[in-house]
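Chemist: input-v2.csv is the file, holding CSV, C-alpha atoms and all ligand atoms:
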```
chain,number,residue,atom,x,y,z
V,545,MET,CA,86.1,97.9,113.9
V,546,LYS,CA,87.9,95.0,112.1
V,547,LYS,CA,91.4,95.8,110.9
V,548,ARG,CA,91.7,95.5,107.1
V,549,ILE,CA,94.7,94.0,105.4
V,550,SER,CA,95.6,94.3,101.7
V,551,ILE,CA,98.1,91.8,100.3
V,552,PHE,CA,100.6,92.8,97.5
V,553,ALA,CA,102.0,89.8,95.7
V,554,SER,CA,103.8,89.2,92.3
V,555,GLY,CA,104.1,85.5,92.1
V,556,GLY,CA,102.7,82.1,93.1
V,557,GLY,CA,101.1,83.4,96.2
V,558,SER,CA,101.7,80.5,98.6
V,559,ASN,CA,102.2,82.9,101.5
V,560,ALA,CA,99.1,84.9,100.5
V,561,GLN,CA,97.2,81.6,100.6
V,562,VAL,CA,98.3,81.0,104.2
V,563,PHE,CA,97.0,84.5,105.0
V,564,PHE,CA,93.6,83.8,103.4
V,565,GLU,CA,93.3,80.6,105.4
V,566,HIS,CA,94.7,82.0,108.7
V,567,PHE,CA,92.3,85.0,108.8
V,568,LEU,CA,89.2,83.2,107.5
V,569,GLY,CA,86.5,83.8,110.1
V,570,ASN,CA,88.8,86.0,112.3
V,571,GLU,CA,86.6,88.4,114.3
V,572,ASP,CA,89.2,91.2,114.4
V,573,ILE,CA,91.3,91.1,111.2
V,574,GLU,CA,90.3,90.5,107.6
V,575,ILE,CA,92.0,90.3,104.2
V,576,VAL,CA,90.1,92.7,102.0
V,577,SER,CA,92.1,92.8,98.7
V,578,VAL,CA,95.1,91.7,96.7
V,579,PHE,CA,97.2,93.9,94.5
V,580,THR,CA,99.5,92.4,91.9
V,581,ASN,CA,101.7,93.8,89.1
V,582,ASN,CA,101.7,90.5,87.3
V,583,LYS,CA,98.7,89.4,85.3
V,584,SER,CA,99.9,85.8,85.3
V,585,ALA,CA,100.5,85.6,89.0
V,586,GLY,CA,99.3,82.4,90.7
V,587,VAL,CA,98.0,84.5,93.6
V,588,ILE,CA,95.1,85.7,91.3
V,589,GLU,CA,93.4,82.2,91.2
V,590,ARG,CA,94.1,81.6,94.9
V,591,ALA,CA,92.4,84.9,95.8
V,592,LYS,CA,89.4,84.1,93.7
V,593,THR,CA,88.9,80.8,95.6
V,594,PHE,CA,88.4,82.9,98.7
V,595,ASN,CA,86.3,85.6,97.0
V,596,ILE,CA,88.9,88.2,97.6
V,597,PRO,CA,89.0,91.0,95.0
V,598,VAL,CA,92.3,91.2,93.0
V,599,HIS,CA,93.6,94.4,91.3
V,600,VAL,CA,96.1,93.8,88.5
V,601,TYR,CA,98.2,96.8,87.6
V,602,ASN,CA,101.4,97.5,85.6
V,603,ARG,CA,104.6,99.1,86.8
V,604,THR,CA,103.6,102.6,85.8
V,605,PHE,CA,100.6,102.4,88.1
V,606,TRP,CA,103.0,101.9,91.1
V,607,SER,CA,105.5,104.5,90.2
V,608,ASP,CA,104.2,107.6,92.1
V,609,GLY,CA,101.9,105.9,94.5
V,610,GLU,CA,99.0,108.3,94.1
V,611,VAL,CA,96.7,105.9,92.3
V,612,PRO,CA,97.2,103.0,94.7
V,613,ILE,CA,96.7,105.3,97.6
V,614,THR,CA,93.3,106.4,96.3
V,615,LEU,CA,92.2,102.7,96.1
V,616,LEU,CA,93.7,101.8,99.5
V,617,LYS,CA,91.8,104.6,101.1
V,618,GLU,CA,88.6,103.6,99.3
V,619,GLN,CA,89.0,100.1,100.7
V,620,GLN,CA,89.8,101.5,104.1
V,621,VAL,CA,93.0,99.4,104.3
V,622,ASP,CA,94.8,99.6,107.6
V,623,TYR,CA,97.8,97.3,106.9
V,624,ILE,CA,99.7,96.1,103.8
V,625,VAL,CA,101.3,92.7,103.7
V,626,LEU,CA,104.0,92.1,101.0
V,627,ALA,CA,104.0,88.5,100.1
V,628,GLY,CA,106.6,88.0,97.3
V,629,PHE,CA,106.0,91.5,95.9
V,630,MET,CA,108.8,92.5,93.7
V,631,LEU,CA,108.5,96.2,93.2
V,632,LEU,CA,109.7,98.9,95.6
V,633,ILE,CA,106.8,100.6,97.5
V,634,PRO,CA,106.6,104.2,96.5
V,635,GLU,CA,107.5,106.8,99.1
V,636,PRO,CA,103.9,108.3,99.5
V,637,ILE,CA,102.5,104.8,100.4
V,638,VAL,CA,105.4,104.2,102.9
V,639,SER,CA,104.7,107.5,104.6
V,640,LEU,CA,100.9,107.0,104.7
V,641,TYR,CA,101.4,103.5,106.1
V,642,SER,CA,104.3,104.1,108.3
V,643,ASP,CA,105.0,101.0,110.4
V,644,LYS,CA,102.0,99.3,108.9
V,645,ILE,CA,103.6,97.6,105.9
V,646,PHE,CA,105.1,94.1,106.4
V,647,ASN,CA,107.5,92.2,104.2
V,648,ILE,CA,109.0,88.7,104.5
V,649,HIS,CA,112.5,88.2,103.2
V,650,PRO,CA,113.7,84.6,102.6
V,651,ALA,CA,117.1,85.0,104.4
V,652,LEU,CA,118.6,86.3,107.6
V,653,LEU,CA,118.8,90.0,107.0
V,654,PRO,CA,120.9,92.2,106.9
V,655,LYS,CA,122.8,89.5,104.8
V,656,PHE,CA,121.5,88.7,101.4
V,657,GLY,CA,119.1,91.6,101.0
V,658,GLY,CA,118.7,94.6,98.8
V,659,GLN,CA,117.7,95.2,95.2
V,660,GLY,CA,117.8,92.1,93.0
V,661,MET,CA,117.8,89.8,96.0
V,662,TYR,CA,114.5,88.0,95.7
V,663,GLY,CA,113.3,84.4,95.3
V,664,SER,CA,115.8,82.0,94.0
V,665,HIS,CA,118.6,84.6,93.7
V,666,VAL,CA,118.7,84.8,97.5
V,667,HIS,CA,119.0,81.0,98.0
V,668,GLU,CA,121.7,80.7,95.3
V,669,ALA,CA,123.7,83.5,96.9
V,670,VAL,CA,123.3,81.8,100.3
V,671,LYS,CA,124.5,78.5,98.8
V,672,SER,CA,127.4,80.1,97.0
V,673,ALA,CA,128.5,81.8,100.2
V,674,GLY,CA,128.7,78.4,102.0
V,675,GLU,CA,126.4,79.6,104.8
V,676,LYS,CA,125.5,77.1,107.5
V,677,GLN,CA,122.2,78.7,108.3
V,678,SER,CA,119.5,80.6,106.4
V,679,GLY,CA,116.0,81.5,107.5
V,680,ILE,CA,113.3,84.2,107.4
V,681,SER,CA,113.2,87.9,108.3
V,682,ILE,CA,109.9,89.6,108.8
V,683,HIS,CA,110.3,93.4,108.8
V,684,LEU,CA,108.5,96.7,108.5
V,685,VAL,CA,108.9,98.4,105.1
V,686,ASN,CA,110.7,101.7,104.5
V,687,GLU,CA,111.8,103.4,101.3
V,688,GLU,CA,114.7,101.0,100.8
V,689,TYR,CA,114.7,97.3,99.8
V,690,ASP,CA,114.9,95.1,102.9
V,691,LYS,CA,116.1,97.9,105.3
V,692,GLY,CA,113.1,98.4,107.6
V,693,ARG,CA,113.0,97.4,111.3
V,694,ILE,CA,113.1,93.6,111.7
V,695,ILE,CA,110.3,92.3,113.9
V,696,TYR,CA,110.9,88.5,113.7
V,697,GLN,CA,113.6,86.1,112.5
V,698,GLU,CA,113.9,82.4,112.6
V,699,ALA,CA,116.8,80.3,111.3
V,700,CYS,CA,117.1,76.8,109.7
V,701,GLN,CA,120.2,74.7,109.3
V,702,ILE,CA,121.8,74.2,105.9
V,703,GLU,CA,123.5,70.9,105.2
V,704,PRO,CA,126.5,70.9,102.9
V,705,SER,CA,124.6,68.6,100.5
V,706,ASP,CA,121.6,71.0,100.3
V,707,SER,CA,121.0,72.6,96.9
V,708,ALA,CA,119.6,76.2,96.5
V,709,GLN,CA,116.2,74.5,95.9
V,710,ASP,CA,116.5,72.5,99.2
V,711,ILE,CA,117.3,75.7,101.0
V,712,ALA,CA,114.3,77.4,99.4
V,713,SER,CA,112.0,74.6,100.6
V,714,LYS,CA,113.3,74.8,104.2
V,715,VAL,CA,112.9,78.6,104.2
V,716,LEU,CA,109.4,78.5,102.6
V,717,LYS,CA,108.2,76.1,105.4
V,718,LEU,CA,109.3,78.7,108.0
V,719,GLU,CA,107.5,81.4,106.1
V,720,HIS,CA,104.3,79.5,106.0
V,721,LYS,CA,104.6,78.6,109.7
V,722,ASN,CA,105.3,82.2,110.9
V,723,TYR,CA,104.3,85.1,108.7
V,724,ALA,CA,100.6,85.3,109.3
V,725,LYS,CA,101.0,84.6,113.0
V,726,VAL,CA,103.7,87.3,113.4
V,727,VAL,CA,101.6,89.9,111.5
V,728,GLU,CA,98.5,89.0,113.6
V,729,SER,CA,100.4,89.4,116.9
V,730,TYR,CA,101.9,92.7,115.7
V,731,ILE,CA,98.5,94.1,114.8
V,732,ARG,CA,96.9,93.0,118.1
V,733,LYS,CA,99.7,94.6,120.1
V,734,SER,CA,99.3,97.9,118.1
V,735,THR,CA,95.5,98.2,118.6
V,801,LIG,C1,108.8,84.0,99.2
V,801,LIG,O1,109.9,83.1,99.4
V,801,LIG,C2,109.2,85.4,99.7
V,801,LIG,O2,110.0,85.3,100.9
V,801,LIG,C3,110.0,85.9,98.6
V,801,LIG,O3,109.3,85.5,97.5
V,801,LIG,C4,108.7,84.3,97.7
V,801,LIG,C5,107.2,84.3,97.3
V,801,LIG,O4,106.6,83.1,97.4
V,801,LIG,N1,110.1,87.3,98.7
V,801,LIG,C6,111.3,88.0,98.3
V,801,LIG,O5,112.2,87.4,97.9
V,801,LIG,C7,111.2,89.5,98.6
V,801,LIG,N2,112.5,90.0,98.5
V,801,LIG,P1,105.0,82.9,97.3
V,801,LIG,O6,104.6,83.7,96.1
V,801,LIG,O7,104.8,81.5,97.1
V,801,LIG,O8,104.4,83.4,98.6
```
Using structure tokens, write down the structure that the file contains.
Modeler:
Amino acid sequence: MKKRISIFASGGGSNAQVFFEHFLGNEDIEIVSVFTNNKSAGVIERAKTFNIPVHVYNRTFWSDGEVPITLLKEQQVDYIVLAGFMLLIPEPIVSLYSDKIFNIHPALLPKFGGQGMYGSHVHEAVKSAGEKQSGISIHLVNEEYDKGRIIYQEACQIEPSDSAQDIASKVLKLEHKNYAKVVESYIRKST
């Protein structure tokens, strides 16, 4: 049986797009749905291009986890990939999908993680701290923001002249290069 992934995303969806492309025609793993809490998210149009169904829901829908669980079960989802998803995953979903939810964080955890640390906030904090390196952390998701077990990290150098935006571009390249591959390799090792 093919393993079925659902992607949760709140924003532009460039990482989700890489997943759509990476798993297109894959014999063992497929992307079956996208969930978003943002009705203007760029990921919606990207998913339509690949004929992947998108479910748009508000914050209340996510709060106890019961409603999303019903849908995830209906869709027989095996794994969840967070790709720029900004809400905390409710505990019932974390329990049901223990070690089966992935997140990518745009910095080298445990530094620069936690609530409020997302997107440009992360890169601005890295710049302000005068770090010489940033990078990506791919981790499993538990009940706390950015605290689950890290399964992959890769660093990039920061030049003193780099702006927060420059750091963001370097990090996003690493995300696109690695996230789908690391998830695929993890799933293959677990099955
Ligand atoms: C990515 O940089 C991802 O690492 C970050 O949001 C961006 C989404 O970009 N996630 C977080 O900050 C989570 N704390 P995308 O919508 O173009 O994939």
Chemist: Once you count all atoms listed in the file, what closest atom pair and distance in Å to one decimal does each residue of chain V within 6 Å of ligand LIG 801 (chain V) have, with rows by chain and rising residue number, as CSV?
Modeler:
```
residue,atom,partner,partner_atom,distance
V:Gly555,CA,V:LIG801,O6,4.4
V:Gly556,CA,V:LIG801,O6,3.9
V:Gly557,CA,V:LIG801,O6,3.5
V:Ser558,CA,V:LIG801,O7,3.6
V:Asn559,CA,V:LIG801,O8,3.7
V:Ala560,CA,V:LIG801,O8,5.8
V:Ala627,CA,V:LIG801,O8,5.3
V:Gly628,CA,V:LIG801,O3,3.7
V:Ile648,CA,V:LIG801,O2,5.1
V:His649,CA,V:LIG801,O2,4.5
V:Pro650,CA,V:LIG801,O2,4.1
V:Met661,CA,V:LIG801,N2,5.9
V:Tyr662,CA,V:LIG801,O5,3.2
V:Gly663,CA,V:LIG801,O5,4.1
V:Leu716,CA,V:LIG801,O1,5.6
```
Chemist: Give me, as a list in words, all polymer residues having an atom no more than 12 Å from Leu616 (chain V), counting all atoms listed in the file and skipping those fewer than 3 positions away in the same chain.
Modeler: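 Contacts, in chain order: Arg548, Ile549, Ser550, Ile551, Phe552, Val576, Ser577, Val578, Phe579, His599, Gly609, Glu610, Val611, Pro612, Ile613, Gln619, Gln620, Val621, Asp622, Tyr623, Ile624, Ile637, Leu640 and Tyr641 of chain V.
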Chemist: For the point (97.1, 82.0, 106.8) in the file's frame, write as a ChimeraX atom specification all residues with an atom no more than 12 Å away, counting all atoms listed in the file.
Modeler: /V:551,557-570,573-575,594,625,627,719-728
Chemist: Name the closest residue to Val638 (chain V) among the candidates V:Val598, V:Val666, V:Ile695, V:Val685; distances are taken between atoms, counting only C-alpha atoms.
Modeler: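 Checking each of V:Val598, V:Val666, V:Ile695, V:Val685 against Val638 (chain V), counting only C-alpha atoms, the winner is V:Val685.
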Chemist: Expressed in Å to a single decimal, how great is the separation between CA of Tyr696 (chain V) and CA of Asp572 (chain V)?
Modeler: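 Interatomic distance, CA of Tyr696 (chain V) to CA of Asp572 (chain V): 21.9 Å.
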Chemist: Quick one: pull the distance between CA of Ser664 (chain V) and CA of Ile694 (chain V), Å, one decimal.
Modeler: 21.3 Å
Chemist: Measuring between all atoms listed in the file, which one of V:Lys676, V:His665, V:Arg732, V:His683 shows the shortest distance to Gln709 (chain V)?
Modeler: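 Of all the options, V:His665 lies closest to Gln709 (chain V).
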Chemist: Please compute the CA of Ser681 (chain V)-CA of Leu653 (chain V) distance, one decimal, in Å.
Modeler: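 Straight-line distance from CA of Ser681 (chain V) to CA of Leu653 (chain V) works out to 6.1 Å.
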Chemist: I need the residue nearest Ala651 (chain V) from this list: V:Ile711, V:Ile588, V:Met545, V:Leu632. Use all atoms listed in the file for the distance.
Modeler: V:Ile711
Chemist: Please return, as a list in words, all polymer residues that have at least one atom within 9 Å of the point (101.1, 91.5, 84.1); use all atoms listed in the file and the file's own coordinate frame.
Modeler: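 Here the neighbourhood of the point contains Ser554, Thr580, Asn581, Asn582, Lys583, Ser584, Ala585, Val600, Tyr601, Asn602 and Arg603 of chain V.
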